Amino acid sequence: MTVLVVGSGHNALVAACYLARAGHPVEVLERDEVLGGAVSTVERFPGHLVDRGSSAHIMVRHTGIIEELALERFGLRYIDCDPWGFAPAPAGSDLAPIVFHRDLDRTCASIETACGASDADAYRRFVREWGPRARRVMRAFAGPPGPGRLLRSFWGLDARDGGAALSREFLQSGDALLDAWFRDERLKAALAWFGAQSGPPMSEPGTAPMVAFAALLHELPPGRAVGGSGALSAALVARLRADGGVVSPGDAVTELRRAGDGWRVRTASGRNLHARTVIAGTHILTTLELLRSGGFDAAAVDGWRRRIRVGPGIGMVVRAATDALPRYPGASAEESAHGLQLLATDRRQLRLAHGAALAGDLPPRPVVLAMSFSALDPSIAPPGQHQLSLWAQWHPYRLADGSDWSAHAEREGDRIIAEVDSAAPGFADSVRERLVQTPVDLERELGLIGGNVMHVEMSLDQMFFWRPLPELSGHRVPGAPGLFLTGASTHPGGGVSGAAGRSAARLALRELRRVRLPRPRRA
């Protein structure tokens, strides 16, 4: 019997690939005509291949999934982002920028020039101490959540004071970690802004590992998929089809109903499909509504929905077609344009933006992460042109004054571009075309409820074996045998990793093997 996969986000596609590779018939059902969800690329402007969601791929390069599925055979190729990070000098100052190379020595040399020898030495020690810890975090992310697995992932690390000191360091805030290690506020702001890409501000408990993940990027930096972020999804689809899998775009699932020892899956085109096993890669709230439509316990669904915290929204994006790269004072294009341009020089700007979002207001100043990957991969833009993705965080989904986002979108786009222009004078004049994606646009186009690109908040109480809730954290729904959950709503959360898809596939395969075992004959 065919395994049905709901949604074609990259985690759903990863799950589908593992199941098809194991010999199971698989069909992926996707509401959109574009496959890949938030890991997809389309032509937005003439000759420009523009990402719809994610742009840089970090975690998936550390999981082993690319190698296990042999995705290079299906067209996937990454270019290392090296340097992987760039923090410009404050506007009008004579300070040097901070350049985060893959090479640790070159990075420390840049930090020494920009911030002083003390912080350069501290950064070297920070990478050496937190690199192994970050690898353990990645190991914990690689499989299904659970206290036992979490303990095994970190077993063998320094357990000073019976582990109390180490556990405290993991549970502290990112800001506390940075204050303990470094002196220069600009260095702290750059690393805090990097860590904040997971969603929570670095003032929250448990965010220290999000900052410390930067230590791993000196081993393997973020990668840019040639042809755009969607090249990962395209390779997964090609792999799936090579193993006999089927992908059905433009046919949304409208109902999940328990039927006998399996599931009846109804689609918008009127199809009624039957499967013993279903992998749901949609947003957890979307999956719960599909279950409710199929007669699942409404009281249980309502209870879960009330307790799952999506949050006020994370941010918005401006996609820009330009005739030049940003020119940051004191830096060459090779130093600034190949990685994440962390345009925050003071953590106060981050805190004010997050506080405004909690209040339902626009940030006093948008905080911008600029990415100009046409500098690495010219194939995504016409000759002589470039393309940038400008991610701004935090922006609320619902505005406190009750106004519609359409009234603010273009003006906020102007402000985001102005932030880049303040760090790289003349950038605004280079913009030829642009697309503004507000939190409402992200929800409408990509199904990201509340505009949250991580699905649900990545706060400590909604991570690991609490994500999205303790009773839903094992990639399963109580009372729904044969249904498995994947996607950013599940462990390990948002970002491009594929780990949730692999974990869901492993659980499903284990159950399918049990079903296939012959029943013992009675004597």
# chains A, B, ... in the order shown; residues from 1 in each chain; ligands from 1

$ residues_around --residues "Met458 (chain A)" --least-positions-apart "2" --cutoff "9 Å" --atoms "only C-alpha atoms" --output "list in words"
Ser198, Gly199, Pro200, Met454, His455, Val456, Leu460, Asp461, Gln462, Met463, Arg467, Gly493 and Gly494 of chain A

$ select_by_dssp --residues "region 198-347 of chain A" --states "strand (DSSP E or B)" --output "short mmCIF file (atom, residue, chain, number, x, y, z; two decimals) with C-alpha atoms, in the first residue's frame"
data_model
loop_
_atom_site.label_atom_id
_atom_site.label_comp_id
_atom_site.auth_asym_id
_atom_site.auth_seq_id
_atom_site.Cartn_x
_atom_site.Cartn_y
_atom_site.Cartn_z
CA GLY A 223 26.51 26.50 1.78
CA ARG A 224 24.82 28.10 -1.17
CA ALA A 225 23.07 25.59 -3.42
CA VAL A 246 5.24 10.07 -7.27
CA VAL A 247 4.81 13.81 -6.67
CA SER A 248 1.40 15.44 -7.20
CA VAL A 253 -5.11 17.51 1.10
CA THR A 254 -8.42 18.59 2.63
CA GLU A 255 -9.09 15.79 5.12
CA LEU A 256 -7.31 13.06 7.07
CA ARG A 257 -9.75 10.40 8.30
CA ARG A 258 -9.07 7.17 10.12
CA ALA A 259 -10.45 4.24 8.12
CA GLY A 262 -5.31 2.91 7.83
CA TRP A 263 -6.19 6.38 6.60
CA ARG A 264 -8.46 7.89 3.99
CA VAL A 265 -6.92 11.02 2.53
CA ARG A 266 -9.19 13.36 0.59
CA THR A 267 -7.75 15.95 -1.79
CA ASN A 272 -10.04 9.59 -2.05
CA LEU A 273 -6.78 7.81 -1.32
CA HIS A 274 -6.14 5.03 1.17
CA ALA A 275 -2.88 4.42 3.04
CA VAL A 278 0.76 8.94 6.32
CA ILE A 279 3.62 11.42 6.85
CA ALA A 280 2.31 14.93 7.55
CA GLY A 315 10.34 38.86 10.31
CA MET A 316 9.97 39.82 6.68
CA VAL A 317 12.08 39.84 3.53
CA VAL A 318 12.96 42.15 0.67
CA ARG A 319 14.23 40.42 -2.49
CA ALA A 320 16.14 42.91 -4.62
CA ALA A 321 17.53 42.85 -8.15
CA THR A 322 20.46 45.25 -8.35
CA LEU A 340 25.86 36.46 5.97
CA GLN A 341 26.09 40.22 6.27
CA LEU A 342 25.21 40.84 9.93
CA LEU A 343 24.08 44.47 9.94
#

$ closest_residue --among "A:Leu104, A:Leu362, A:Leu288, A:Ala180" --to "Leu216 (chain A)" --atoms "only C-alpha atoms"
A:Leu104

$ select_by_dssp --residues "region 247-491 of chain A" --states "alpha helix (DSSP H)" --output "VMD selection string"
chain A and resid 284 to 293 298 to 307 333 to 336 347 to 358 409 to 423 427 to 430 439 to 446

$ closest_atom_pairs --of "region 8-126 of chain A" --to "region 368-385 of chain A" --cutoff "8 Å" --atoms "only C-alpha atoms" --output "tab-separated table"
residue	atom	partner	partner_atom	distance
A:Gly47	CA	A:Pro382	CA	5.4
A:His48	CA	A:Ala381	CA	4.5
A:Leu49	CA	A:Ile380	CA	4.8
A:Val50	CA	A:Ile380	CA	7.3
A:Ser55	CA	A:Met371	CA	7.9
A:Ile79	CA	A:Leu376	CA	7.2
A:Cys81	CA	A:Leu376	CA	7.8

$ write_last_selection --atoms "all heavy atoms" --output "compact mmCIF listing (two decimals), in the first residue's frame"
# COMPACT_ATOMS: atom_id res chain seq x y z
N GLY A 47 15.08 36.86 -15.58
CA GLY A 47 16.43 36.32 -15.49
C GLY A 47 16.94 36.10 -14.09
O GLY A 47 18.08 35.64 -13.91
N HIS A 48 16.14 36.37 -13.06
CA HIS A 48 16.56 36.22 -11.67
C HIS A 48 15.86 35.03 -11.04
O HIS A 48 14.62 34.99 -10.99
CB HIS A 48 16.23 37.48 -10.86
CG HIS A 48 17.14 38.63 -11.09
ND1 HIS A 48 18.25 38.88 -10.31
CD2 HIS A 48 17.12 39.61 -12.04
CE1 HIS A 48 18.86 39.97 -10.76
NE2 HIS A 48 18.19 40.44 -11.80
N LEU A 49 16.64 34.06 -10.56
CA LEU A 49 16.11 32.94 -9.79
C LEU A 49 16.15 33.33 -8.33
O LEU A 49 17.22 33.45 -7.73
CB LEU A 49 16.94 31.68 -10.04
CG LEU A 49 16.94 31.17 -11.49
CD1 LEU A 49 17.88 29.98 -11.64
CD2 LEU A 49 15.53 30.79 -11.93
N VAL A 50 14.97 33.54 -7.76
CA VAL A 50 14.85 34.14 -6.42
C VAL A 50 14.26 33.12 -5.44
O VAL A 50 13.27 32.47 -5.74
CB VAL A 50 13.95 35.40 -6.48
CG1 VAL A 50 13.85 36.05 -5.10
CG2 VAL A 50 14.49 36.39 -7.50
N SER A 55 17.64 30.82 2.20
CA SER A 55 18.69 31.12 1.21
C SER A 55 19.99 30.40 1.52
O SER A 55 20.57 29.76 0.65
CB SER A 55 18.94 32.63 1.13
OG SER A 55 17.85 33.29 0.50
N ILE A 79 28.27 25.58 -2.91
CA ILE A 79 29.46 26.43 -2.87
C ILE A 79 29.60 26.92 -1.43
O ILE A 79 28.64 27.43 -0.84
CB ILE A 79 29.34 27.62 -3.83
CG1 ILE A 79 29.10 27.14 -5.26
CG2 ILE A 79 30.59 28.49 -3.76
CD1 ILE A 79 28.80 28.28 -6.23
N CYS A 81 30.24 29.20 1.63
CA CYS A 81 30.23 30.63 1.93
C CYS A 81 31.49 30.92 2.76
O CYS A 81 31.53 30.61 3.96
CB CYS A 81 28.98 31.02 2.71
SG CYS A 81 27.44 30.76 1.82

$ residues_around --residues "Thr113 (chain A)" --least-positions-apart "3" --cutoff "9 Å" --atoms "only C-alpha atoms" --output "list of chain:residue names"
A:Leu95, A:Ala96, A:Pro97, A:Ile98, A:Cys108, A:Ala109, A:Ser110, A:Gly116, A:Ala117, A:Ala120

$ residues_around --residues "Glu412 (chain A)" --least-positions-apart "6" --cutoff "12 Å" --atoms "only C-alpha atoms" --output "list in words"
Gly315, Met316, Val317, Val318, Leu362, Pro363, Pro364, Arg365, Pro366, Val367, Val368, Leu390, Trp391, Ala392, Gln393, His395, Trp405, Ser406, Ala418, Glu419, Leu435, Val436, Gln437, Thr438 and Pro439 of chain A
